[in-house]
$ cat coords.pdb   # PDB, C-alpha atoms
ATOM      1  CA  LEU I   1       7.034  -1.848   8.597
ATOM      2  CA  LEU I   2       3.461  -0.873   7.971
ATOM      3  CA  SER I   3       1.598  -1.191   4.715
ATOM      4  CA  SER I   4      -1.355   0.955   3.702
ATOM      5  CA  SER I   5      -1.973  -0.940   0.456
ATOM      6  CA  LEU I   6      -4.405  -3.470   1.923
ATOM      7  CA  ILE I   7      -7.427  -5.120   0.357
ATOM      8  CA  ALA I   8      -9.420  -2.653  -1.731
ATOM      9  CA  VAL I   9     -11.583  -5.268  -3.363
ATOM     10  CA  MET I  10     -13.901  -5.845  -0.389
ATOM     11  CA  ALA I  11     -16.744  -3.361  -0.289
ATOM     12  CA  LEU I  12     -16.852  -2.649   3.412
ATOM     13  CA  ALA I  13     -18.514   0.412   4.909
ATOM     14  CA  SER I  14     -15.876   3.028   5.588
ATOM     15  CA  SER I  15     -18.218   5.928   6.262
ATOM     16  CA  SER I  16     -19.643   4.468   9.468
ATOM     17  CA  PRO I  17     -18.758   6.059  12.834
ATOM     18  CA  ALA I  18     -15.897   4.177  14.475
ATOM     19  CA  GLN I  19     -16.698   2.305  17.666
ATOM     20  CA  SER I  20     -14.532   0.219  19.943
ATOM     21  CA  PHE I  21     -15.135  -3.475  20.485
ATOM     22  CA  SER I  22     -16.520  -2.651  23.922
ATOM     23  CA  THR I  23     -19.590  -1.067  22.341
ATOM     24  CA  PRO I  24     -22.462  -3.005  20.733
ATOM     25  CA  ALA I  25     -21.782  -3.974  17.137
ATOM     26  CA  PHE I  26     -24.005  -2.187  14.710
ATOM     27  CA  GLN I  27     -25.557  -3.567  11.575
ATOM     28  CA  MET I  28     -24.847  -1.844   8.309
ATOM     29  CA  GLN I  29     -27.807  -1.537   6.008
ATOM     30  CA  ARG I  30     -27.102  -2.999   2.635
ATOM     31  CA  ARG I  31     -27.887  -0.555  -0.041
ATOM     32  CA  GLN I  32     -29.581  -2.169  -2.969
ATOM     33  CA  THR I  33     -29.624  -0.319  -6.207
ATOM     34  CA  THR I  34     -31.858  -1.228  -9.068
ATOM     35  CA  THR I  35     -31.359  -0.330 -12.655
ATOM     36  CA  SER I  36     -33.808  -0.423 -15.523
ATOM     37  CA  LEU I  37     -33.221  -0.647 -19.208
ATOM     38  CA  HIS I  38     -34.182   2.492 -21.071
ATOM     39  CA  ARG I  39     -35.585   1.745 -24.457
ATOM     40  CA  VAL I  40     -35.251   4.345 -27.162
ATOM     41  CA  GLN I  41     -38.715   5.378 -28.268
ATOM     42  CA  THR I  42     -38.489   6.307 -31.918
ATOM     43  CA  ALA I  43     -42.113   5.800 -32.948
ATOM     44  CA  SER I  44     -43.386   9.090 -31.543
ATOM     45  CA  HIS I  45     -40.177  10.947 -32.327
ATOM     46  CA  PRO I  46     -38.884   9.520 -35.598
ATOM     47  CA  THR I  47     -36.267  12.207 -35.977
ATOM     48  CA  SER I  48     -34.842  11.895 -32.465
ATOM     49  CA  ALA I  49     -31.067  11.487 -32.471
ATOM     50  CA  LEU I  50     -29.621   8.613 -30.493
ATOM     51  CA  LYS I  51     -27.289   9.577 -27.676
ATOM     52  CA  MET I  52     -24.225   7.642 -26.573
ATOM     53  CA  SER I  53     -25.849   7.233 -23.164
ATOM     54  CA  ASP I  54     -28.714   5.349 -24.809
ATOM     55  CA  PHE I  55     -26.359   2.586 -25.873
ATOM     56  CA  GLY I  56     -24.883   2.227 -22.384
ATOM     57  CA  SER I  57     -28.265   1.997 -20.695
ATOM     58  CA  ALA I  58     -29.408  -0.705 -23.113
ATOM     59  CA  MET I  59     -26.552  -3.028 -22.171
ATOM     60  CA  PRO I  60     -27.507  -5.844 -19.784
ATOM     61  CA  ASP I  61     -26.289  -5.401 -16.227
ATOM     62  CA  LYS I  62     -23.455  -7.599 -15.030
ATOM     63  CA  PRO I  63     -24.642 -10.092 -12.433
ATOM     64  CA  GLU I  64     -23.806  -8.872  -8.941
ATOM     65  CA  LEU I  65     -21.428 -11.075  -7.016
ATOM     66  CA  SER I  66     -22.567 -12.590  -3.750
ATOM     67  CA  MET I  67     -20.653 -11.704  -0.591
ATOM     68  CA  LYS I  68     -18.937 -15.078  -0.651
ATOM     69  CA  GLU I  69     -17.896 -14.588  -4.276
ATOM     70  CA  LYS I  70     -16.503 -11.153  -3.404
ATOM     71  CA  LEU I  71     -14.535 -12.628  -0.525
ATOM     72  CA  MET I  72     -13.189 -15.446  -2.687
ATOM     73  CA  GLU I  73     -12.111 -12.886  -5.264
ATOM     74  CA  SER I  74     -10.561 -10.722  -2.550
ATOM     75  CA  ALA I  75      -8.650 -13.693  -1.162
ATOM     76  CA  THR I  76      -7.164 -14.557  -4.546
ATOM     77  CA  THR I  77      -6.296 -10.929  -5.285
ATOM     78  CA  PHE I  78      -4.605 -10.537  -1.905
ATOM     79  CA  ILE I  79      -2.600 -13.764  -2.266
ATOM     80  CA  VAL I  80      -1.393 -12.958  -5.774
ATOM     81  CA  ASP I  81      -0.473  -9.393  -4.797
ATOM     82  CA  LEU I  82       1.418 -10.468  -1.691
ATOM     83  CA  GLU I  83       3.333 -13.198  -3.490
ATOM     84  CA  ALA I  84       4.395 -10.705  -6.145
ATOM     85  CA  ARG I  85       5.560  -8.160  -3.587
ATOM     86  CA  LEU I  86       7.730 -10.418  -1.449
ATOM     87  CA  ALA I  87      11.425  -9.732  -1.946
ATOM     88  CA  ASP I  88      13.577 -12.537  -3.326
ATOM     89  CA  GLY I  89      14.082 -15.279  -0.766
ATOM     90  CA  VAL I  90      11.462 -13.895   1.632
ATOM     91  CA  ASP I  91       8.898 -16.382   2.873
ATOM     92  CA  PRO I  92       5.232 -15.458   3.096
ATOM     93  CA  PRO I  93       3.600 -15.423   6.526
ATOM     94  CA  PRO I  94       1.818 -18.656   7.519
ATOM     95  CA  GLU I  95      -1.436 -16.702   7.424
ATOM     96  CA  MET I  96      -1.205 -16.673   3.635
ATOM     97  CA  GLU I  97      -1.262 -20.462   3.514
ATOM     98  CA  ALA I  98      -4.196 -20.414   5.927
ATOM     99  CA  LEU I  99      -6.070 -18.083   3.577
ATOM    100  CA  LYS I 100      -5.241 -20.281   0.577
ATOM    101  CA  ALA I 101      -6.522 -23.321   2.439
ATOM    102  CA  ALA I 102      -9.757 -21.555   3.386
ATOM    103  CA  ARG I 103     -10.306 -20.420  -0.181
ATOM    104  CA  ASP I 104      -9.520 -23.808  -1.711
ATOM    105  CA  ALA I 105     -11.783 -25.542   0.812
ATOM    106  CA  ASP I 106     -14.699 -23.330  -0.248
ATOM    107  CA  SER I 107     -15.019 -22.038   3.307
ATOM    108  CA  ASP I 108     -17.915 -19.900   4.462
ATOM    109  CA  GLU I 109     -17.951 -16.102   4.491
ATOM    110  CA  LYS I 110     -16.910 -15.681   8.119
ATOM    111  CA  THR I 111     -13.914 -17.988   7.772
ATOM    112  CA  LEU I 112     -12.740 -16.236   4.624
ATOM    113  CA  ALA I 113     -13.170 -12.787   6.170
ATOM    114  CA  LEU I 114     -11.228 -13.800   9.281
ATOM    115  CA  ARG I 115      -8.364 -15.305   7.277
ATOM    116  CA  ILE I 116      -8.151 -12.173   5.113
ATOM    117  CA  TYR I 117      -8.148  -9.985   8.221
ATOM    118  CA  GLU I 118      -5.421 -12.051   9.884
ATOM    119  CA  LEU I 119      -3.232 -11.807   6.788
ATOM    120  CA  MET I 120      -3.820  -8.061   6.536
ATOM    121  CA  ILE I 121      -2.613  -7.622  10.105
ATOM    122  CA  GLU I 122       0.462  -9.798   9.698
ATOM    123  CA  GLN I 123       1.467  -8.097   6.461
ATOM    124  CA  GLY I 124       1.275  -4.727   8.172
ATOM    125  CA  MET I 125       2.982  -5.781  11.379
ATOM    126  CA  THR I 126       5.799  -8.060  10.219
ATOM    127  CA  TYR I 127       7.106  -6.660   6.936
ATOM    128  CA  ASP I 128       8.934  -3.535   5.810
ATOM    129  CA  ILE I 129       8.233  -2.020   2.406
ATOM    130  CA  ASP I 130      11.222  -1.017   0.290
ATOM    131  CA  ALA I 131      10.703   2.619  -0.644
ATOM    132  CA  GLU I 132      12.305   2.131  -4.062
ATOM    133  CA  ASN I 133      10.714  -1.039  -5.393
ATOM    134  CA  GLY I 134       7.795  -1.692  -3.044
ATOM    135  CA  LYS I 135       9.077  -5.143  -2.112
ATOM    136  CA  LEU I 136       8.363  -6.641   1.294
ATOM    137  CA  SER I 137      10.983  -7.977   3.674
ATOM    138  CA  PRO I 138      10.857  -9.044   7.354
ATOM    139  CA  THR I 139      10.909  -6.079   9.687
ATOM    140  CA  GLN I 140      13.208  -5.477  12.616
ATOM    141  CA  PHE I 141      11.061  -2.569  13.773
ATOM    142  CA  ASP I 142      10.496  -2.292  17.528
ATOM    143  CA  ILE I 143       6.785  -1.542  17.750
ATOM    144  CA  LYS I 144       6.495  -1.193  21.529
ATOM    145  CA  ASN I 145       9.188   1.483  21.695
ATOM    146  CA  ASN I 146       7.842   3.484  18.764
ATOM    147  CA  LEU I 147       4.155   3.876  19.515
ATOM    148  CA  ASP I 148       4.510   7.655  19.477
ATOM    149  CA  ILE I 149       5.210   7.636  15.726
ATOM    150  CA  PRO I 150       2.027   8.864  13.982
ATOM    151  CA  GLU I 151       2.291   6.333  11.148
ATOM    152  CA  VAL I 152       2.432   3.458  13.625
ATOM    153  CA  LYS I 153      -0.664   4.654  15.439
ATOM    154  CA  ALA I 154      -2.473   5.235  12.139
ATOM    155  CA  GLU I 155      -1.801   1.670  10.983
ATOM    156  CA  PHE I 156      -3.077   0.189  14.222
ATOM    157  CA  ALA I 157      -6.172   2.384  13.987
ATOM    158  CA  HIS I 158      -6.788   1.338  10.388
ATOM    159  CA  LEU I 159      -6.565  -2.364  11.174
ATOM    160  CA  TYR I 160      -8.671  -1.999  14.317
ATOM    161  CA  GLN I 161     -11.408  -0.124  12.458
ATOM    162  CA  TYR I 162     -11.324  -2.682   9.658
ATOM    163  CA  GLY I 163     -12.155  -5.376  12.179
ATOM    164  CA  MET I 164     -15.081  -3.326  13.462
ATOM    165  CA  GLN I 165     -16.350  -2.923   9.924
ATOM    166  CA  LEU I 166     -16.258  -6.703   9.492
ATOM    167  CA  ILE I 167     -18.364  -7.039  12.637
ATOM    168  CA  ALA I 168     -20.793  -4.435  11.347
ATOM    169  CA  ARG I 169     -21.246  -6.414   8.147
ATOM    170  CA  ASP I 170     -21.718  -9.622  10.167
ATOM    171  CA  LEU I 171     -18.625 -11.117   8.550
ATOM    172  CA  ILE I 172     -16.848 -11.831  11.832
ATOM    173  CA  ASP I 173     -18.368 -12.680  15.198
ATOM    174  CA  VAL I 174     -17.618 -10.182  17.957
ATOM    175  CA  ASP I 175     -15.798 -12.655  20.203
ATOM    176  CA  VAL I 176     -13.673 -13.931  17.315
ATOM    177  CA  ALA I 177     -12.737 -10.381  16.335
ATOM    178  CA  LYS I 178     -11.880  -9.474  19.933
ATOM    179  CA  GLU I 179      -9.516 -12.425  20.223
ATOM    180  CA  CYS I 180      -7.889 -11.619  16.885
ATOM    181  CA  VAL I 181      -7.382  -7.977  17.839
ATOM    182  CA  LYS I 182      -6.109  -8.890  21.301
ATOM    183  CA  THR I 183      -3.479 -11.369  20.117
ATOM    184  CA  ARG I 184      -2.446  -9.748  16.844
ATOM    185  CA  LEU I 185      -2.721  -6.026  17.612
ATOM    186  CA  ILE I 186      -3.053  -5.181  21.305
ATOM    187  CA  GLU I 187      -0.377  -7.559  22.592
ATOM    188  CA  ARG I 188       2.108  -6.112  20.120
ATOM    189  CA  THR I 189       1.798  -2.738  21.848
ATOM    190  CA  GLY I 190       2.251  -4.034  25.395
ATOM    191  CA  LYS I 191      -0.943  -2.267  26.408
ATOM    192  CA  THR I 192      -4.064  -3.560  28.115
ATOM    193  CA  PRO I 193      -7.254  -3.554  26.015
ATOM    194  CA  GLU I 194      -8.440  -0.483  27.908
ATOM    195  CA  GLU I 195      -5.126   1.327  27.364
ATOM    196  CA  PHE I 196      -5.191   0.359  23.704
ATOM    197  CA  ASP I 197      -8.668   1.837  23.222
ATOM    198  CA  ALA I 198      -7.610   5.024  25.007
ATOM    199  CA  TRP I 199      -4.447   5.250  22.880
ATOM    200  CA  LEU I 200      -6.561   5.131  19.727
ATOM    201  CA  GLY I 201      -9.049   7.627  21.128
ATOM    202  CA  TYR I 202     -12.009   5.376  21.920
TER
END
$ encode --input "coords.pdb" --output "structure tokens"
Amino acid sequence: LLSSSLIAVMALASSSPAQSFSTPAFQMQRRQTTTSLHRVQTASHPTSALKMSDFGSAMPDKPELSMKEKLMESATTFIVDLEARLADGVDPPPEMEALKAARDADSDEKTLALRIYELMIEQGMTYDIDAENGKLSPTQFDIKNNLDIPEVKAEFAHLYQYGMQLIARDLIDVDVAKECVKTRLIERTGKTPEEFDAWLGY
């Protein structure tokens, strides 16, 4: 049923303390790193030997992708990966077409992030992974009657926390994330939002 091989391309903060959607969203500080080119000074030290590290530091830095470019890249990676992993004759979830449409329409960051998040949830909730070949097929798993299985709880927690990380990075509005979590995660458990938070330890 549940897949742990979700999007690894998006650089979202995973070291932040987890909070439930009932608490104020927090803003993650973007860490900006600067690099400088180190020039080999041979005039004052004519006999200095060049080191391999000197060559690496003299190479120009690759231009850093914008958040939208990262999301576009993540969307394409996710779509290609999911299409390749579907078993023969298995249809993709409609959320994949929604993500394709958002990508092809050059949608903004928040739309792309939401569509990626929706597809992540549906992949985890509606497909089984074949243990031998890794292929995905529609699940017949009864979620509501198997909430005591640790792997089930862990997948819900992972997807829930991912949504909170998107809020923290200002990639999804709080109300939009709440509605997505309510309809795509909480309702699948049969719990109220308060019971769901308690179940996950919030």
$ closest_residue --input "coords.pdb" --among "I:Leu65, I:Arg85, I:Arg184, I:Lys70" --to "I:Asn133" --atoms "all atoms listed in the file"
I:Arg85
$ residues_around --input "coords.pdb" --residues "I:Phe196" --least-positions-apart "5" --cutoff "8 Å" --atoms "only C-alpha atoms" --output "number ranges by chain"
I: 186, 189, 191
$ closest_residue --input "coords.pdb" --among "I:Met96, I:Leu114, I:Val174, I:Val90" --to "I:Asp128" --atoms "all atoms listed in the file"
I:Val90
$ residues_near_point --input "coords.pdb" --point "(-15.3, -7.6, 9.5)" --cutoff "10 Å" --atoms "only C-alpha atoms" --output "mmCIF file with C-alpha atoms, keeping the file's coordinate frame"
data_model
loop_
_atom_site.group_PDB
_atom_site.id
_atom_site.type_symbol
_atom_site.label_atom_id
_atom_site.label_comp_id
_atom_site.auth_asym_id
_atom_site.auth_seq_id
_atom_site.Cartn_x
_atom_site.Cartn_y
_atom_site.Cartn_z
ATOM 1 C CA LEU I 12 -16.852 -2.649 3.412
ATOM 2 C CA ALA I 13 -18.514 0.412 4.909
ATOM 3 C CA LYS I 110 -16.910 -15.681 8.119
ATOM 4 C CA ALA I 113 -13.170 -12.787 6.170
ATOM 5 C CA LEU I 114 -11.228 -13.800 9.281
ATOM 6 C CA ILE I 116 -8.151 -12.173 5.113
ATOM 7 C CA TYR I 117 -8.148 -9.985 8.221
ATOM 8 C CA TYR I 160 -8.671 -1.999 14.317
ATOM 9 C CA GLN I 161 -11.408 -0.124 12.458
ATOM 10 C CA TYR I 162 -11.324 -2.682 9.658
ATOM 11 C CA GLY I 163 -12.155 -5.376 12.179
ATOM 12 C CA MET I 164 -15.081 -3.326 13.462
ATOM 13 C CA GLN I 165 -16.350 -2.923 9.924
ATOM 14 C CA LEU I 166 -16.258 -6.703 9.492
ATOM 15 C CA ILE I 167 -18.364 -7.039 12.637
ATOM 16 C CA ALA I 168 -20.793 -4.435 11.347
ATOM 17 C CA ARG I 169 -21.246 -6.414 8.147
ATOM 18 C CA ASP I 170 -21.718 -9.622 10.167
ATOM 19 C CA LEU I 171 -18.625 -11.117 8.550
ATOM 20 C CA ILE I 172 -16.848 -11.831 11.832
ATOM 21 C CA ASP I 173 -18.368 -12.680 15.198
ATOM 22 C CA VAL I 174 -17.618 -10.182 17.957
ATOM 23 C CA ALA I 177 -12.737 -10.381 16.335
#
$ atom_distance --input "coords.pdb" --atom1 "atom CA of I:Lys135" --atom2 "atom CA of I:Leu86"
5.5 Å
$ atom_distance --input "coords.pdb" --atom1 "atom CA of I:Glu118" --atom2 "atom CA of I:Pro63"
29.5 Å
$ closest_residue --input "coords.pdb" --among "I:Met67, I:Ala98, I:Val176, I:Ile143" --to "I:Met125" --atoms "all atoms listed in the file"
I:Ile143
$ closest_residue --input "coords.pdb" --among "I:Gly201, I:Arg188, I:Glu194, I:Lys62" --to "I:Asp142" --atoms "all atoms listed in the file"
I:Arg188
$ atom_distance --input "coords.pdb" --atom1 "atom CA of I:Glu83" --atom2 "atom CA of I:Asn145"
29.7 Å
$ resolve_selection --input "coords.pdb" --expression "the PyMOL selection byres ((chain I and resi 152) around 12)" --output "MDAnalysis selection string"
chainID I and resid 1:4 124:125 141:151 153:159 185 188:189 199:200
$ closest_residue --input "coords.pdb" --among "I:Met72, I:Glu179, I:Glu187, I:Pro138" --to "I:Ala105" --atoms "only C-alpha atoms"
I:Met72
$ axis_aligned_box --input "coords.pdb" --around "stretch 109-125 of chain I" --padding-each-side "4 Å" --output "JSON"
{"center_x": -7.5, "center_y": -11.4, "center_z": 7.9, "size_x": 28.9, "size_y": 21.3, "size_z": 14.9}
$ closest_residue --input "coords.pdb" --among "I:Leu71, I:Thr192, I:Ala102, I:Leu136" --to "I:Ala84" --atoms "all atoms listed in the file"
I:Leu136
$ build_atoms --input "coords.pdb" --residues "stretch 140-154 of chain I" --atoms "N, CA, C and O atoms" --output "short mmCIF file (atom, residue, chain, number, x, y, z; two decimals), in the frame of the given file"
data_model
loop_
_atom_site.label_atom_id
_atom_site.label_comp_id
_atom_site.auth_asym_id
_atom_site.auth_seq_id
_atom_site.Cartn_x
_atom_site.Cartn_y
_atom_site.Cartn_z
N GLN I 140 12.52 -5.45 11.33
CA GLN I 140 13.21 -5.48 12.62
C GLN I 140 12.71 -4.33 13.49
O GLN I 140 13.31 -4.01 14.51
N PHE I 141 11.60 -3.74 13.10
CA PHE I 141 11.06 -2.57 13.77
C PHE I 141 10.55 -2.92 15.17
O PHE I 141 9.84 -3.91 15.36
N ASP I 142 10.91 -2.10 16.14
CA ASP I 142 10.50 -2.29 17.53
C ASP I 142 9.20 -1.52 17.76
O ASP I 142 9.21 -0.32 18.01
N ILE I 143 8.08 -2.21 17.66
CA ILE I 143 6.78 -1.54 17.75
C ILE I 143 6.57 -0.91 19.12
O ILE I 143 6.18 0.27 19.23
N LYS I 144 6.82 -1.67 20.18
CA LYS I 144 6.50 -1.19 21.53
C LYS I 144 7.21 0.10 21.89
O LYS I 144 6.68 0.91 22.65
N ASN I 145 8.41 0.28 21.36
CA ASN I 145 9.19 1.48 21.70
C ASN I 145 9.01 2.61 20.69
O ASN I 145 9.73 3.61 20.75
N ASN I 146 8.06 2.44 19.78
CA ASN I 146 7.84 3.48 18.76
C ASN I 146 6.36 3.79 18.56
O ASN I 146 5.93 4.19 17.48
N LEU I 147 5.59 3.63 19.61
CA LEU I 147 4.16 3.88 19.52
C LEU I 147 3.81 5.35 19.36
O LEU I 147 2.67 5.68 19.00
N ASP I 148 4.78 6.22 19.62
CA ASP I 148 4.51 7.66 19.48
C ASP I 148 4.65 8.13 18.03
O ASP I 148 4.32 9.28 17.71
N ILE I 149 5.09 7.26 17.14
CA ILE I 149 5.21 7.64 15.73
C ILE I 149 3.81 7.65 15.10
O ILE I 149 3.09 6.65 15.19
N PRO I 150 3.40 8.76 14.50
CA PRO I 150 2.03 8.86 13.98
C PRO I 150 1.65 7.76 13.00
O PRO I 150 0.52 7.28 13.01
N GLU I 151 2.60 7.36 12.14
CA GLU I 151 2.29 6.33 11.15
C GLU I 151 1.99 4.98 11.80
O GLU I 151 1.18 4.19 11.29
N VAL I 152 2.67 4.71 12.91
CA VAL I 152 2.43 3.46 13.62
C VAL I 152 1.02 3.45 14.20
O VAL I 152 0.26 2.49 14.04
N LYS I 153 0.67 4.54 14.85
CA LYS I 153 -0.66 4.65 15.44
C LYS I 153 -1.73 4.59 14.36
O LYS I 153 -2.78 3.95 14.53
N ALA I 154 -1.49 5.22 13.23
CA ALA I 154 -2.47 5.24 12.14
C ALA I 154 -2.70 3.83 11.58
O ALA I 154 -3.83 3.47 11.24
#
